[in-house]
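Asker: Got a file for you: protein.txt, compact mmCIF, C-alpha atoms.
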```
# COMPACT_ATOMS: atom_id res chain seq x y z
CA MET M 198 43.06 -30.80 26.85
CA ALA M 199 45.26 -31.61 23.92
CA PRO M 200 45.25 -29.16 21.03
CA PRO M 201 42.96 -30.23 18.17
CA PRO M 202 44.87 -31.68 15.22
CA TYR M 203 43.31 -29.33 12.71
CA PRO M 204 44.51 -26.25 10.91
CA LEU M 205 42.29 -23.16 10.83
CA PRO M 206 39.06 -22.34 9.04
CA SER M 207 38.51 -20.08 6.06
CA LEU M 208 36.61 -16.92 6.93
CA PRO M 209 33.48 -15.48 5.46
CA PHE M 210 32.43 -12.21 4.02
CA LEU M 211 29.49 -10.14 5.15
CA LEU M 212 30.03 -7.68 8.02
CA LEU M 213 27.17 -7.14 10.45
CA ILE M 214 27.07 -3.70 11.95
CA LEU M 215 24.52 -3.57 14.77
CA THR M 216 21.97 -0.81 14.78
CA VAL M 217 19.28 -2.05 17.08
CA LEU M 218 15.99 -0.35 16.29
CA GLY M 219 12.54 -0.17 17.75
CA LEU M 220 13.40 -0.77 21.40
CA PRO M 221 11.99 1.75 23.86
CA ARG M 222 14.78 1.62 26.43
CA SER M 223 17.65 4.04 26.14
CA SER M 224 20.23 2.57 28.49
CA SER M 225 22.67 -0.31 28.22
CA THR M 226 21.59 -1.87 31.50
CA LEU M 227 19.89 -5.27 31.63
CA MET M 228 16.31 -5.04 30.42
CA PRO M 229 13.95 -5.20 33.41
CA GLY M 230 11.46 -8.03 33.06
CA PHE M 231 13.22 -9.48 30.03
CA ARG M 232 11.93 -12.99 29.41
CA ARG M 233 13.52 -15.54 27.15
CA GLN M 234 10.19 -17.26 26.64
CA GLN M 235 9.27 -14.49 24.24
CA LEU M 236 10.66 -11.33 22.74
CA GLU M 237 7.89 -8.91 23.61
CA THR M 238 9.87 -6.17 21.92
CA GLY M 239 11.85 -7.15 18.86
CA PHE M 240 15.19 -5.81 17.79
CA GLN M 241 16.87 -5.22 14.46
CA VAL M 242 20.52 -5.62 13.51
CA GLY M 243 22.22 -3.98 10.54
CA LEU M 244 24.26 -6.06 8.08
CA ARG M 245 26.96 -4.96 5.67
CA HIS M 246 28.68 -7.02 3.02
CA ILE M 247 32.34 -7.40 3.89
CA ASP M 248 33.37 -6.27 0.40
CA ALA M 249 30.99 -3.30 0.32
CA GLY M 250 32.57 -0.14 -1.02
CA ARG M 251 35.45 -1.99 -2.63
CA ASN M 252 36.16 -1.83 -6.33
CA PHE M 253 34.87 -5.24 -7.43
CA THR M 254 32.40 -6.10 -10.15
CA LYS M 255 29.36 -8.17 -9.24
CA LEU M 256 30.95 -11.24 -10.84
CA GLN M 257 34.17 -10.68 -8.87
CA LEU M 258 32.15 -10.39 -5.65
CA ILE M 259 30.49 -13.71 -6.38
CA GLN M 260 33.84 -15.30 -7.25
CA ARG M 261 35.25 -14.16 -3.90
CA GLY M 262 32.23 -15.57 -2.11
CA ILE M 263 32.53 -18.89 -3.94
CA ASP M 264 36.20 -19.12 -2.98
CA ARG M 265 35.42 -18.35 0.66
CA GLY M 266 32.55 -20.82 0.71
CA ARG M 267 34.27 -23.71 -1.04
CA GLN M 268 35.42 -25.39 2.18
CA ARG M 269 32.02 -24.79 3.76
CA LEU M 270 30.34 -26.55 0.82
CA GLN M 271 32.74 -29.49 1.10
CA ARG M 272 32.06 -29.77 4.82
CA MET M 273 28.29 -29.71 4.34
CA SER M 274 28.48 -32.36 1.62
CA GLY M 275 30.86 -34.40 3.77
CA MET M 276 28.46 -34.29 6.72
CA ALA M 277 25.61 -35.49 4.52
CA THR M 278 27.75 -38.36 3.25
CA THR M 279 28.61 -39.29 6.82
CA ALA M 280 24.92 -39.21 7.71
CA GLU M 281 24.22 -41.61 4.84
CA ARG M 282 26.74 -44.07 6.29
CA ASN M 283 25.24 -43.53 9.74
CA ASP M 284 28.69 -43.52 11.33
CA PHE M 285 29.03 -40.25 13.22
CA GLN M 286 32.02 -40.47 15.52
CA ALA M 287 31.86 -36.92 16.87
CA PRO M 288 29.83 -33.78 16.14
CA VAL M 289 31.15 -31.95 13.08
CA HIS M 290 29.72 -28.59 12.01
CA ALA M 291 29.80 -26.32 8.96
CA GLY M 292 31.64 -23.61 10.84
CA ASP M 293 32.10 -20.45 8.84
CA GLY M 294 29.54 -18.17 7.25
CA GLU M 295 29.33 -14.86 5.45
CA PHE M 296 28.44 -12.40 8.17
CA VAL M 297 30.23 -10.89 11.11
CA VAL M 298 28.18 -9.42 13.93
CA ASN M 299 29.60 -6.78 16.27
CA LEU M 300 28.44 -7.84 19.73
CA MET M 301 29.73 -7.11 23.19
CA ILE M 302 30.10 -9.55 26.06
CA GLY M 303 30.34 -9.27 29.84
CA THR M 304 29.89 -6.48 32.39
CA PRO M 305 31.32 -4.00 31.66
CA PRO M 306 30.78 -4.97 28.00
CA VAL M 307 33.82 -5.58 25.81
CA PRO M 308 33.81 -6.04 22.01
CA PHE M 309 32.90 -9.49 20.69
CA PRO M 310 32.88 -9.54 16.86
CA ALA M 311 31.59 -12.96 15.80
CA ILE M 312 30.86 -14.95 12.68
CA MET M 313 27.10 -15.35 12.34
CA ASP M 314 26.23 -18.87 11.24
CA THR M 315 22.74 -20.27 10.61
CA GLY M 316 24.32 -23.69 10.08
CA SER M 317 25.66 -24.28 13.60
CA ASP M 318 24.54 -23.74 17.17
CA LEU M 319 27.36 -22.97 19.58
CA ILE M 320 28.12 -19.38 20.57
CA TRP M 321 31.80 -19.07 21.48
CA THR M 322 34.55 -16.54 21.93
CA GLN M 323 38.24 -16.76 22.66
CA CYS M 324 38.98 -16.44 26.38
CA ASN M 325 41.96 -15.71 28.58
CA PRO M 326 44.03 -17.45 29.75
CA CYS M 327 44.44 -18.73 26.19
CA LYS M 328 46.55 -21.82 25.53
CA LEU M 329 46.26 -21.36 21.77
CA CYS M 330 44.40 -18.42 20.24
CA PHE M 331 44.34 -17.01 16.73
CA GLN M 332 45.05 -13.31 16.26
CA GLN M 333 41.99 -11.09 16.59
CA SER M 334 41.43 -7.36 16.18
CA THR M 335 39.91 -6.86 19.66
CA PRO M 336 41.24 -7.83 23.12
CA VAL M 337 40.64 -11.46 24.10
CA PHE M 338 37.77 -11.75 26.60
CA ASN M 339 38.88 -12.07 30.23
CA PRO M 340 36.13 -13.74 32.31
CA LYS M 341 37.67 -12.52 35.58
CA ARG M 342 36.90 -8.92 34.60
CA SER M 343 33.16 -9.53 34.05
CA SER M 344 30.88 -9.24 37.10
CA THR M 345 28.11 -11.20 35.33
CA PHE M 346 30.21 -14.18 34.25
CA SER M 347 29.37 -17.64 35.64
CA ASN M 348 30.24 -21.23 34.82
CA ILE M 349 27.66 -23.72 33.56
CA SER M 350 27.02 -26.78 35.70
CA CYS M 351 27.50 -30.30 34.41
CA SER M 352 23.78 -31.01 34.86
CA SER M 353 22.53 -28.12 32.70
CA LYS M 354 20.87 -28.68 29.32
CA LEU M 355 23.48 -26.46 27.70
CA CYS M 356 26.23 -28.73 28.98
CA GLU M 357 24.36 -31.76 27.67
CA GLY M 358 24.05 -29.96 24.34
CA VAL M 359 27.81 -29.91 23.76
CA LYS M 360 28.24 -33.58 24.70
CA PRO M 361 31.07 -32.61 27.09
CA SER M 362 34.42 -34.31 26.67
CA LYS M 363 34.87 -33.94 30.42
CA CYS M 364 32.79 -32.54 33.27
CA ASP M 365 34.32 -32.33 36.73
CA LYS M 366 34.42 -28.80 38.09
CA SER M 367 33.37 -27.30 34.77
CA CYS M 368 31.60 -28.36 31.57
CA GLU M 369 34.34 -28.78 28.99
CA TYR M 370 33.59 -28.85 25.28
CA ARG M 371 35.27 -29.44 21.97
CA TYR M 372 33.60 -28.28 18.76
CA THR M 373 35.07 -29.28 15.42
CA TYR M 374 34.28 -27.58 12.12
CA GLY M 375 35.08 -30.10 9.39
CA ASP M 376 38.84 -30.60 9.31
CA GLU M 377 39.67 -26.92 9.09
CA SER M 378 39.02 -25.44 12.51
CA SER M 379 38.08 -26.18 16.09
CA THR M 380 37.40 -24.59 19.44
CA GLU M 381 37.99 -26.16 22.83
CA GLY M 382 37.29 -24.79 26.28
CA PHE M 383 34.54 -24.65 28.88
CA MET M 384 30.88 -23.60 28.87
CA ALA M 385 29.81 -20.45 30.70
CA MET M 386 27.12 -17.77 30.87
CA ASP M 387 27.34 -14.01 30.57
CA THR M 388 25.51 -10.95 29.28
CA ILE M 389 25.61 -10.35 25.52
CA THR M 390 24.98 -6.81 24.32
CA PHE M 391 23.62 -5.73 20.95
CA GLY M 392 23.89 -2.29 19.39
CA GLU M 393 25.11 1.13 20.35
CA LEU M 394 23.79 3.79 22.71
CA PRO M 395 21.10 5.03 23.08
CA LYS M 396 19.38 1.87 21.80
CA ARG M 397 21.68 -0.75 23.26
CA VAL M 398 20.10 -4.05 24.34
CA SER M 399 21.77 -6.34 26.87
CA ILE M 400 20.54 -9.92 27.30
CA PRO M 401 21.64 -11.71 30.48
CA ARG M 402 22.72 -15.30 31.09
CA ILE M 403 23.44 -16.39 27.52
CA GLY M 404 25.32 -19.68 27.40
CA PHE M 405 28.52 -19.71 25.35
CA GLY M 406 31.79 -21.52 24.92
CA CYS M 407 34.84 -19.89 26.48
CA GLY M 408 37.49 -21.09 24.05
CA VAL M 409 41.03 -21.44 25.35
CA ASN M 410 42.35 -23.68 22.55
CA ASN M 411 41.21 -22.44 19.15
CA ARG M 412 42.44 -23.08 15.64
CA ALA M 413 41.26 -21.00 12.69
CA THR M 414 42.54 -19.07 9.68
CA GLY M 415 41.14 -15.89 8.20
CA MET M 416 39.32 -15.04 11.43
CA ASP M 417 41.37 -11.98 12.36
CA GLN M 418 38.27 -9.76 12.09
CA THR M 419 36.42 -11.88 14.64
CA ALA M 420 36.73 -13.33 18.14
CA GLY M 421 34.47 -16.35 17.69
CA LEU M 422 31.12 -17.46 16.34
CA LEU M 423 27.40 -16.79 16.90
CA GLY M 424 25.34 -19.91 16.16
CA LEU M 425 21.77 -19.35 14.90
CA GLY M 426 20.93 -22.96 14.06
CA ARG M 427 18.05 -25.06 15.40
CA GLY M 428 19.84 -26.72 18.33
CA VAL M 429 19.61 -25.98 22.05
CA LEU M 430 22.91 -24.05 22.11
CA SER M 431 22.01 -21.41 19.51
CA LEU M 432 21.07 -17.82 20.27
CA VAL M 433 17.64 -18.38 18.72
CA SER M 434 16.94 -21.30 21.06
CA GLN M 435 18.32 -19.58 24.15
CA LEU M 436 16.17 -16.52 23.53
CA SER M 437 13.18 -18.80 23.00
CA THR M 438 12.17 -16.49 20.18
CA GLN M 439 9.71 -18.11 17.80
CA LYS M 440 10.50 -15.77 14.92
CA PHE M 441 13.54 -14.26 13.29
CA SER M 442 14.29 -13.06 9.79
CA TYR M 443 16.95 -11.46 7.65
CA CYS M 444 16.82 -9.32 4.53
CA LEU M 445 19.89 -9.03 2.30
CA THR M 446 20.40 -6.18 -0.13
CA SER M 447 21.91 -6.77 -3.56
CA ILE M 448 25.51 -7.97 -3.34
CA HIS M 449 26.88 -5.17 -5.52
CA GLU M 450 25.13 -2.33 -3.68
CA ASN M 451 26.69 -0.58 -0.72
CA LYS M 452 23.47 -0.65 1.28
CA THR M 453 22.56 -1.91 4.73
CA SER M 454 20.91 -5.32 5.15
CA SER M 455 18.98 -6.39 8.26
CA LEU M 456 18.62 -9.18 10.80
CA LEU M 457 15.40 -9.05 12.85
CA PHE M 458 14.23 -10.84 15.98
CA GLY M 459 10.94 -11.28 17.76
CA SER M 460 8.05 -8.96 16.98
CA LEU M 461 10.04 -7.14 14.30
CA ALA M 462 10.70 -10.30 12.28
CA TYR M 463 7.70 -9.73 9.99
CA SER M 464 8.91 -6.21 9.20
CA ASN M 465 5.84 -4.42 7.79
CA PHE M 466 4.11 -7.51 6.41
CA ASN M 467 0.81 -8.95 7.57
CA PRO M 468 1.63 -12.43 8.93
CA GLY M 469 -1.64 -13.85 7.62
CA LYS M 470 -1.03 -12.78 4.04
CA ILE M 471 2.42 -14.11 3.25
CA PRO M 472 2.99 -17.58 1.73
CA ARG M 473 4.84 -20.21 3.74
CA THR M 474 6.70 -23.41 3.09
CA PRO M 475 7.44 -26.07 5.75
CA LEU M 476 10.79 -26.20 7.50
CA ILE M 477 11.91 -29.82 7.40
CA GLN M 478 13.83 -31.42 10.26
CA ASN M 479 16.74 -33.73 9.46
CA PRO M 480 17.43 -35.83 12.59
CA PHE M 481 20.95 -36.56 11.36
CA LEU M 482 21.82 -32.86 10.84
CA PRO M 483 19.36 -31.12 13.18
CA SER M 484 20.94 -27.65 13.15
CA TYR M 485 20.12 -26.93 9.50
CA TYR M 486 17.01 -25.35 8.02
CA TYR M 487 15.81 -27.78 5.34
CA LEU M 488 13.20 -26.88 2.71
CA SER M 489 10.83 -29.01 0.65
CA LEU M 490 11.65 -28.20 -2.98
CA LYS M 491 9.19 -29.86 -5.37
CA GLY M 492 10.39 -28.64 -8.75
CA ILE M 493 11.90 -25.88 -10.90
CA THR M 494 10.51 -24.00 -13.91
CA VAL M 495 12.77 -22.40 -16.55
CA GLY M 496 10.91 -20.12 -18.94
CA TYR M 497 7.52 -21.78 -19.24
CA THR M 498 8.80 -25.34 -18.84
CA LEU M 499 8.52 -27.34 -15.63
CA LEU M 500 11.77 -29.26 -15.71
CA PRO M 501 11.71 -33.08 -15.82
CA ILE M 502 13.79 -33.46 -12.68
CA PRO M 503 13.68 -36.88 -10.97
CA ASP M 504 11.57 -36.99 -7.80
CA PHE M 505 14.49 -38.20 -5.71
CA ALA M 506 16.71 -35.23 -6.58
CA PHE M 507 15.51 -32.97 -3.74
CA GLN M 508 14.01 -35.47 -1.34
CA LEU M 509 15.39 -35.79 2.17
CA GLY M 510 16.14 -39.47 2.63
CA LYS M 511 15.32 -41.52 5.73
CA ASP M 512 19.07 -41.89 6.20
CA GLY M 513 19.54 -38.09 6.33
CA SER M 514 20.93 -37.75 2.80
CA GLY M 515 19.66 -35.38 0.11
CA GLY M 516 17.20 -32.57 0.63
CA MET M 517 17.77 -28.82 0.28
CA ILE M 518 19.27 -26.54 2.94
CA LEU M 519 18.52 -22.83 3.17
CA ASP M 520 21.89 -21.28 4.00
CA SER M 521 22.85 -17.64 4.49
CA GLY M 522 26.51 -18.67 4.59
CA THR M 523 26.74 -20.04 1.03
CA THR M 524 26.94 -17.54 -1.85
CA ILE M 525 25.26 -19.27 -4.79
CA THR M 526 22.71 -22.06 -5.05
CA TYR M 527 24.00 -25.60 -5.54
CA LEU M 528 21.71 -28.27 -6.98
CA GLN M 529 22.07 -32.03 -6.92
CA GLU M 530 24.01 -33.00 -10.04
CA ASP M 531 21.17 -34.64 -11.99
CA ALA M 532 18.89 -31.69 -11.32
CA PHE M 533 21.56 -29.17 -12.28
CA ASP M 534 22.24 -30.92 -15.59
CA VAL M 535 18.54 -30.60 -16.50
CA LEU M 536 18.51 -26.93 -15.45
CA LYS M 537 21.70 -26.15 -17.35
CA ASN M 538 20.41 -27.72 -20.57
CA ALA M 539 17.16 -25.78 -20.26
CA PHE M 540 19.02 -22.48 -19.99
CA ILE M 541 21.23 -23.33 -22.95
CA SER M 542 18.23 -24.22 -25.13
CA GLN M 543 16.11 -21.23 -24.08
CA THR M 544 18.78 -18.50 -24.01
CA GLU M 545 19.49 -16.96 -27.41
CA LEU M 546 23.12 -16.33 -26.64
CA GLN M 547 26.32 -18.19 -27.46
CA VAL M 548 27.73 -20.37 -24.68
CA ALA M 549 31.10 -19.05 -23.50
CA ASN M 550 34.11 -20.58 -21.76
CA SER M 551 33.38 -20.19 -18.05
CA SER M 552 36.62 -21.62 -16.66
CA THR M 553 37.89 -18.28 -15.33
CA THR M 554 34.65 -17.39 -13.53
CA GLY M 555 34.21 -20.17 -11.00
CA LEU M 556 30.74 -20.80 -12.44
CA ASP M 557 29.61 -23.65 -14.65
CA LEU M 558 27.52 -21.88 -17.31
CA CYS M 559 28.27 -18.53 -18.98
CA PHE M 560 27.14 -16.86 -22.20
CA HIS M 561 28.76 -14.21 -24.37
CA LEU M 562 27.28 -10.81 -23.54
CA PRO M 563 26.74 -8.98 -26.83
CA VAL M 564 25.93 -5.58 -25.27
CA LYS M 565 27.27 -3.55 -22.38
CA ASN M 566 23.88 -3.27 -20.72
CA ALA M 567 22.88 -6.71 -19.48
CA ALA M 568 19.33 -5.48 -18.87
CA GLU M 569 18.84 -5.51 -22.66
CA VAL M 570 19.48 -9.27 -22.79
CA LYS M 571 16.51 -11.61 -22.53
CA VAL M 572 16.95 -14.64 -20.31
CA PRO M 573 14.40 -17.27 -19.28
CA LYS M 574 12.37 -16.87 -16.10
CA LEU M 575 13.34 -19.02 -13.14
CA ILE M 576 10.83 -20.28 -10.55
CA PHE M 577 11.56 -22.50 -7.56
CA HIS M 578 8.50 -24.51 -6.52
CA PHE M 579 8.65 -25.09 -2.78
CA LYS M 580 5.82 -26.87 -1.04
CA GLY M 581 3.13 -24.18 -0.67
CA LEU M 582 5.32 -21.43 -2.13
CA ASP M 583 6.28 -20.62 -5.74
CA LEU M 584 9.28 -18.29 -5.75
CA ALA M 585 9.86 -16.39 -9.02
CA LEU M 586 13.37 -14.96 -8.82
CA PRO M 587 14.34 -11.55 -10.20
CA VAL M 588 16.92 -11.90 -12.98
CA GLU M 589 19.65 -10.33 -10.83
CA ASN M 590 19.19 -13.16 -8.32
CA TYR M 591 20.34 -15.83 -10.77
CA MET M 592 22.18 -14.13 -13.67
CA VAL M 593 25.35 -12.14 -13.08
CA SER M 594 27.06 -10.12 -15.80
CA ASP M 595 30.48 -8.58 -16.33
CA PRO M 596 30.46 -6.22 -19.34
CA ASP M 597 34.26 -5.87 -19.28
CA MET M 598 34.65 -9.64 -19.62
CA GLY M 599 31.74 -9.78 -22.05
CA LEU M 600 30.03 -12.51 -20.00
CA ILE M 601 26.70 -13.20 -18.35
CA CYS M 602 26.64 -16.27 -16.09
CA LEU M 603 24.19 -18.46 -14.23
CA ALA M 604 24.78 -18.11 -10.45
CA ILE M 605 23.87 -21.76 -9.81
CA ASP M 606 26.14 -24.79 -9.84
CA ALA M 607 26.18 -28.54 -9.24
CA THR M 608 26.94 -30.42 -6.03
CA GLY M 609 26.51 -33.88 -4.61
CA SER M 610 24.25 -33.90 -1.58
CA PRO M 611 22.51 -31.92 -0.14
CA SER M 612 21.34 -29.11 -2.43
CA ILE M 613 21.81 -25.60 -0.99
CA PHE M 614 19.75 -22.45 -1.58
CA GLY M 615 22.35 -19.69 -1.42
CA ASN M 616 22.27 -16.04 -0.41
CA ILE M 617 22.45 -14.55 -3.92
CA GLN M 618 19.07 -16.14 -4.60
CA GLN M 619 17.82 -14.71 -1.28
CA GLN M 620 18.82 -11.09 -1.90
CA ASN M 621 16.00 -8.55 -1.60
CA MET M 622 13.83 -11.18 0.10
CA LEU M 623 12.56 -11.10 3.66
CA VAL M 624 13.58 -14.58 4.81
CA LEU M 625 11.27 -15.25 7.75
CA HIS M 626 11.70 -18.23 10.06
CA ASP M 627 8.58 -19.00 12.10
CA LEU M 628 9.84 -21.71 14.42
CA LYS M 629 6.56 -22.11 16.29
CA LYS M 630 4.78 -23.10 13.07
CA SER M 631 7.96 -24.63 11.60
CA THR M 632 7.58 -22.63 8.39
CA LEU M 633 9.67 -20.31 6.25
CA SER M 634 8.57 -17.40 4.07
CA LEU M 635 10.50 -15.76 1.25
CA VAL M 636 8.88 -12.41 0.54
CA PRO M 637 10.20 -10.05 -2.20
CA THR M 638 11.30 -6.91 -0.35
CA GLN M 639 13.40 -3.80 -0.92
CA CYS M 640 15.78 -4.76 1.84
CA ASP M 641 17.49 -1.40 2.25
CA LYS M 642 14.08 0.02 3.29
CA VAL M 643 13.42 -2.56 6.03
```
What does this structure look like when you write it as structure tokens?
Answerer:
Amino acid sequence: MAPPPYPLPSLPFLLLILTVLGLPRSSSTLMPGFRRQQLETGFQVGLRHIDAGRNFTKLQLIQRGIDRGRQRLQRMSGMATTAERNDFQAPVHAGDGEFVVNLMIGTPPVPFPAIMDTGSDLIWTQCNPCKLCFQQSTPVFNPKRSSTFSNISCSSKLCEGVKPSKCDKSCEYRYTYGDESSTEGFMAMDTITFGELPKRVSIPRIGFGCGVNNRATGMDQTAGLLGLGRGVLSLVSQLSTQKFSYCLTSIHENKTSSLLFGSLAYSNFNPGKIPRTPLIQNPFLPSYYYLSLKGITVGYTLLPIPDFAFQLGKDGSGGMILDSGTTITYLQEDAFDVLKNAFISQTELQVANSSTTGLDLCFHLPVKNAAEVKVPKLIFHFKGLDLALPVENYMVSDPDMGLICLAIDATGSPSIFGNIQQQNMLVLHDLKKSTLSLVPTQCDKV
């Protein structure tokens, strides 16, 4: 296999530290009777922002996230444009994200820190013997030292899922993330372990890519990627779990966030009493979680946004993606212009130069305490769900700079609902019903 002609990817920013809760077993052995068809007992994973505990203001944290996510945004927009032209030549995926999950792989288990990505499917790690591997903080996985390792046959669904470049003795794959990174190797199965003793959970026969030719930049904290998209290769699909959720604490607080699977996905909420909005399927970009956004209210005004602005086109263009790997929300340009003008007209503050912030709209902050400043309400009207955002989920202030800024910007296509807008929300994916819920929650208490 020739090395891919791409340089390496930019790397994301939220660290996942696994603290699996609520599981009755106390050993790290394979769970007797574990069935992928359902997660009879759920598990919970702790998340930590990669910049937590560092001396950054909230605006600086968002700026760092925007910088890290810029290439991801370009890739997502580029994929939508390609879908519009209906000329896919090879599968191209978003790639990076903003979380790192500390897993283990094999028997005996060895560390496998991985980027968690809701926008792609493949699970992969660097493997020995490596032809080309980026530097990582943990030893590269050696399949020969794992007693539970096995190759995947050419006839398996997982092999079909990677559209193998070659399949003789083994199912070979090549996965390209935009033009910034790639992984190439062969498909295999092994045990993946979550958490620490005494509540460690090991799940057998998870399909993954054993990458022997990998190009990436900024991935020195990781060994690969954990795909949580909607395709057959993702962890969600392989577990056959119908429900998973995450709950992100405020970006500027050094508090633990959560990722939840199976029966724990609802946290403490009654499933019958939480609002839902449909998850839309885009056949051109099937890994993504699309939402049906119908409109936006600023203050008490429903904005006159054109109907086409958020619609998913028959050619796969447009629509809105829910993405944990993008920091701020990006709206289709026409829609953003209407939103921006509404904020300018309804905010009794002077517009400031925002060129140093990375954001499009900022105001002069006349007081040190931003809580004293009145800003318009912001409501996103999804089909079946009206989401009124807390001010901290869309306005970010920096008293030292004397600025308060709107954490929303413009893009081409598609629109993206970012993780700042999702903070302190239980983001529940019910894949059986194909719905999503966004429930206001104190996420550090989940």
Asker: Using Å and a single decimal, report how far atom CA of M:Leu319 sits from atom CA of M:Thr474.
Answerer: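 Here the two named atoms are 26.4 Å from each other.
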Asker: So which residues are close to (17.0, -5.1, 6.6), meaning at most 12 Å away in the file's coordinates with all atoms listed in the file counted, and can you show them as a VMD selection string?
Answerer: chain M and resid 213 to 218 240 to 245 441 to 447 452 to 458 461 to 465 620 to 625 638 to 643
Asker: Excluding M:Leu546 and any residue of its chain fewer than 3 positions from it, enumerate the residues within 10 Å of it, using all atoms listed in the file, and give them as a compact mmCIF listing (two decimals) with C-alpha atoms, in the coordinates of the input.
Answerer:
```
# COMPACT_ATOMS: atom_id res chain seq x y z
CA PHE M 540 19.02 -22.48 -19.99
CA ILE M 541 21.23 -23.33 -22.95
CA SER M 542 18.23 -24.22 -25.13
CA GLN M 543 16.11 -21.23 -24.08
CA ALA M 549 31.10 -19.05 -23.50
CA CYS M 559 28.27 -18.53 -18.98
CA PHE M 560 27.14 -16.86 -22.20
CA HIS M 561 28.76 -14.21 -24.37
CA LEU M 562 27.28 -10.81 -23.54
CA PRO M 563 26.74 -8.98 -26.83
CA VAL M 570 19.48 -9.27 -22.79
CA LYS M 571 16.51 -11.61 -22.53
CA VAL M 572 16.95 -14.64 -20.31
CA ILE M 601 26.70 -13.20 -18.35
```
Asker: Quote the spacing between atom CA of M:Gln439 and atom CA of M:Arg473 in Å to one decimal place.
Answerer: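 That distance, rounded to one decimal, is 15.0 Å.
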Asker: Using only C-alpha atoms, pick whichever of M:Ser378, M:Asn479, M:Ser434, M:Thr304 has the shortest atom-to-atom distance to M:Ser347.
Answerer: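 Of the candidates, the smallest distance to M:Ser347 is held by M:Thr304.
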Asker: Report, in Å to a single decimal, how far apart atom CA of M:Phe383 and atom CA of M:Pro310 are.
Answerer: 19.4 Å
Asker: I'd like the contact shell of stretch 588-599 of chain M - 8 Å cut-off, all atoms listed in the file, skipping same-chain residues fewer than 6 positions apart - returned as a PDB file with C-alpha atoms, in the frame of the given file.
Answerer:
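The resulting file, selection.pdb, is reproduced below:
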```
ATOM      1  CA  THR M 254      32.400  -6.100 -10.150  1.00  0.00           C
ATOM      2  CA  LYS M 255      29.360  -8.170  -9.240  1.00  0.00           C
ATOM      3  CA  LEU M 256      30.950 -11.240 -10.840  1.00  0.00           C
ATOM      4  CA  HIS M 561      28.760 -14.210 -24.370  1.00  0.00           C
ATOM      5  CA  LEU M 562      27.280 -10.810 -23.540  1.00  0.00           C
ATOM      6  CA  PRO M 563      26.740  -8.980 -26.830  1.00  0.00           C
ATOM      7  CA  VAL M 564      25.930  -5.580 -25.270  1.00  0.00           C
ATOM      8  CA  LYS M 565      27.270  -3.550 -22.380  1.00  0.00           C
ATOM      9  CA  ASN M 566      23.880  -3.270 -20.720  1.00  0.00           C
ATOM     10  CA  ALA M 567      22.880  -6.710 -19.480  1.00  0.00           C
ATOM     11  CA  VAL M 572      16.950 -14.640 -20.310  1.00  0.00           C
ATOM     12  CA  LYS M 574      12.370 -16.870 -16.100  1.00  0.00           C
ATOM     13  CA  LEU M 575      13.340 -19.020 -13.140  1.00  0.00           C
ATOM     14  CA  ILE M 605      23.870 -21.760  -9.810  1.00  0.00           C
ATOM     15  CA  ILE M 617      22.450 -14.550  -3.920  1.00  0.00           C
ATOM     16  CA  GLN M 618      19.070 -16.140  -4.600  1.00  0.00           C
ATOM     17  CA  GLN M 619      17.820 -14.710  -1.280  1.00  0.00           C
ATOM     18  CA  GLN M 620      18.820 -11.090  -1.900  1.00  0.00           C
TER      19      GLN M 620
END
```
Asker: Taking all atoms of stretch 300-304 of chain M that the file lists, what box with edges along x, y and z, padded by 6 Å per side, do you get, with centre and edge lengths in Å to one decimal, as lines of an AutoDock Vina configuration file?
Answerer:
```
center_x = 29.4
center_y = -8.0
center_z = 26.1
size_x = 13.9
size_y = 15.1
size_z = 24.7
```
Asker: Give the answer as one residue: which of M:Phe309, M:Trp321, M:Phe253, M:Tyr486 has the shortest atom-to-atom distance to M:Cys407, using all atoms listed in the file?
Answerer: M:Trp321
Asker: Which is closer to M:Pro573 than all the others in M:Ser379, M:Thr494, M:Ser634, M:Thr315, using all atoms listed in the file?
Answerer: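 The closest residue to M:Pro573 is M:Thr494.
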Asker: Is it possible to get the residues within 12 Å of (7.8, -28.9, -0.7) (coordinates as in the file, counting all atoms listed in the file) written as a VMD selection string?
Answerer: chain M and resid 473 to 477 487 to 493 504 507 to 509 516 to 517 577 to 584 632 to 633
Asker: Missing atoms in stretch 606-610 of chain M: can you complete it with N, CA, C and O atoms, as a tab-separated table (two decimals), in the frame of the given file?
Answerer:
```tsv
chain	number	residue	atom	x	y	z
M	606	ASP	N	25.16	-23.78	-9.46
M	606	ASP	CA	26.14	-24.79	-9.84
M	606	ASP	C	25.70	-26.15	-9.31
M	606	ASP	O	24.69	-26.27	-8.63
M	607	ALA	N	26.50	-27.16	-9.63
M	607	ALA	CA	26.18	-28.54	-9.24
M	607	ALA	C	26.92	-28.93	-7.96
M	607	ALA	O	28.00	-28.43	-7.67
M	608	THR	N	26.30	-29.84	-7.21
M	608	THR	CA	26.94	-30.42	-6.03
M	608	THR	C	26.44	-31.85	-5.88
M	608	THR	O	25.61	-32.32	-6.65
M	609	GLY	N	26.97	-32.52	-4.87
M	609	GLY	CA	26.51	-33.88	-4.61
M	609	GLY	C	25.25	-33.85	-3.78
M	609	GLY	O	24.14	-33.73	-4.29
M	610	SER	N	25.39	-33.92	-2.47
M	610	SER	CA	24.25	-33.90	-1.58
M	610	SER	C	24.67	-33.23	-0.29
M	610	SER	O	25.77	-33.47	0.20
```
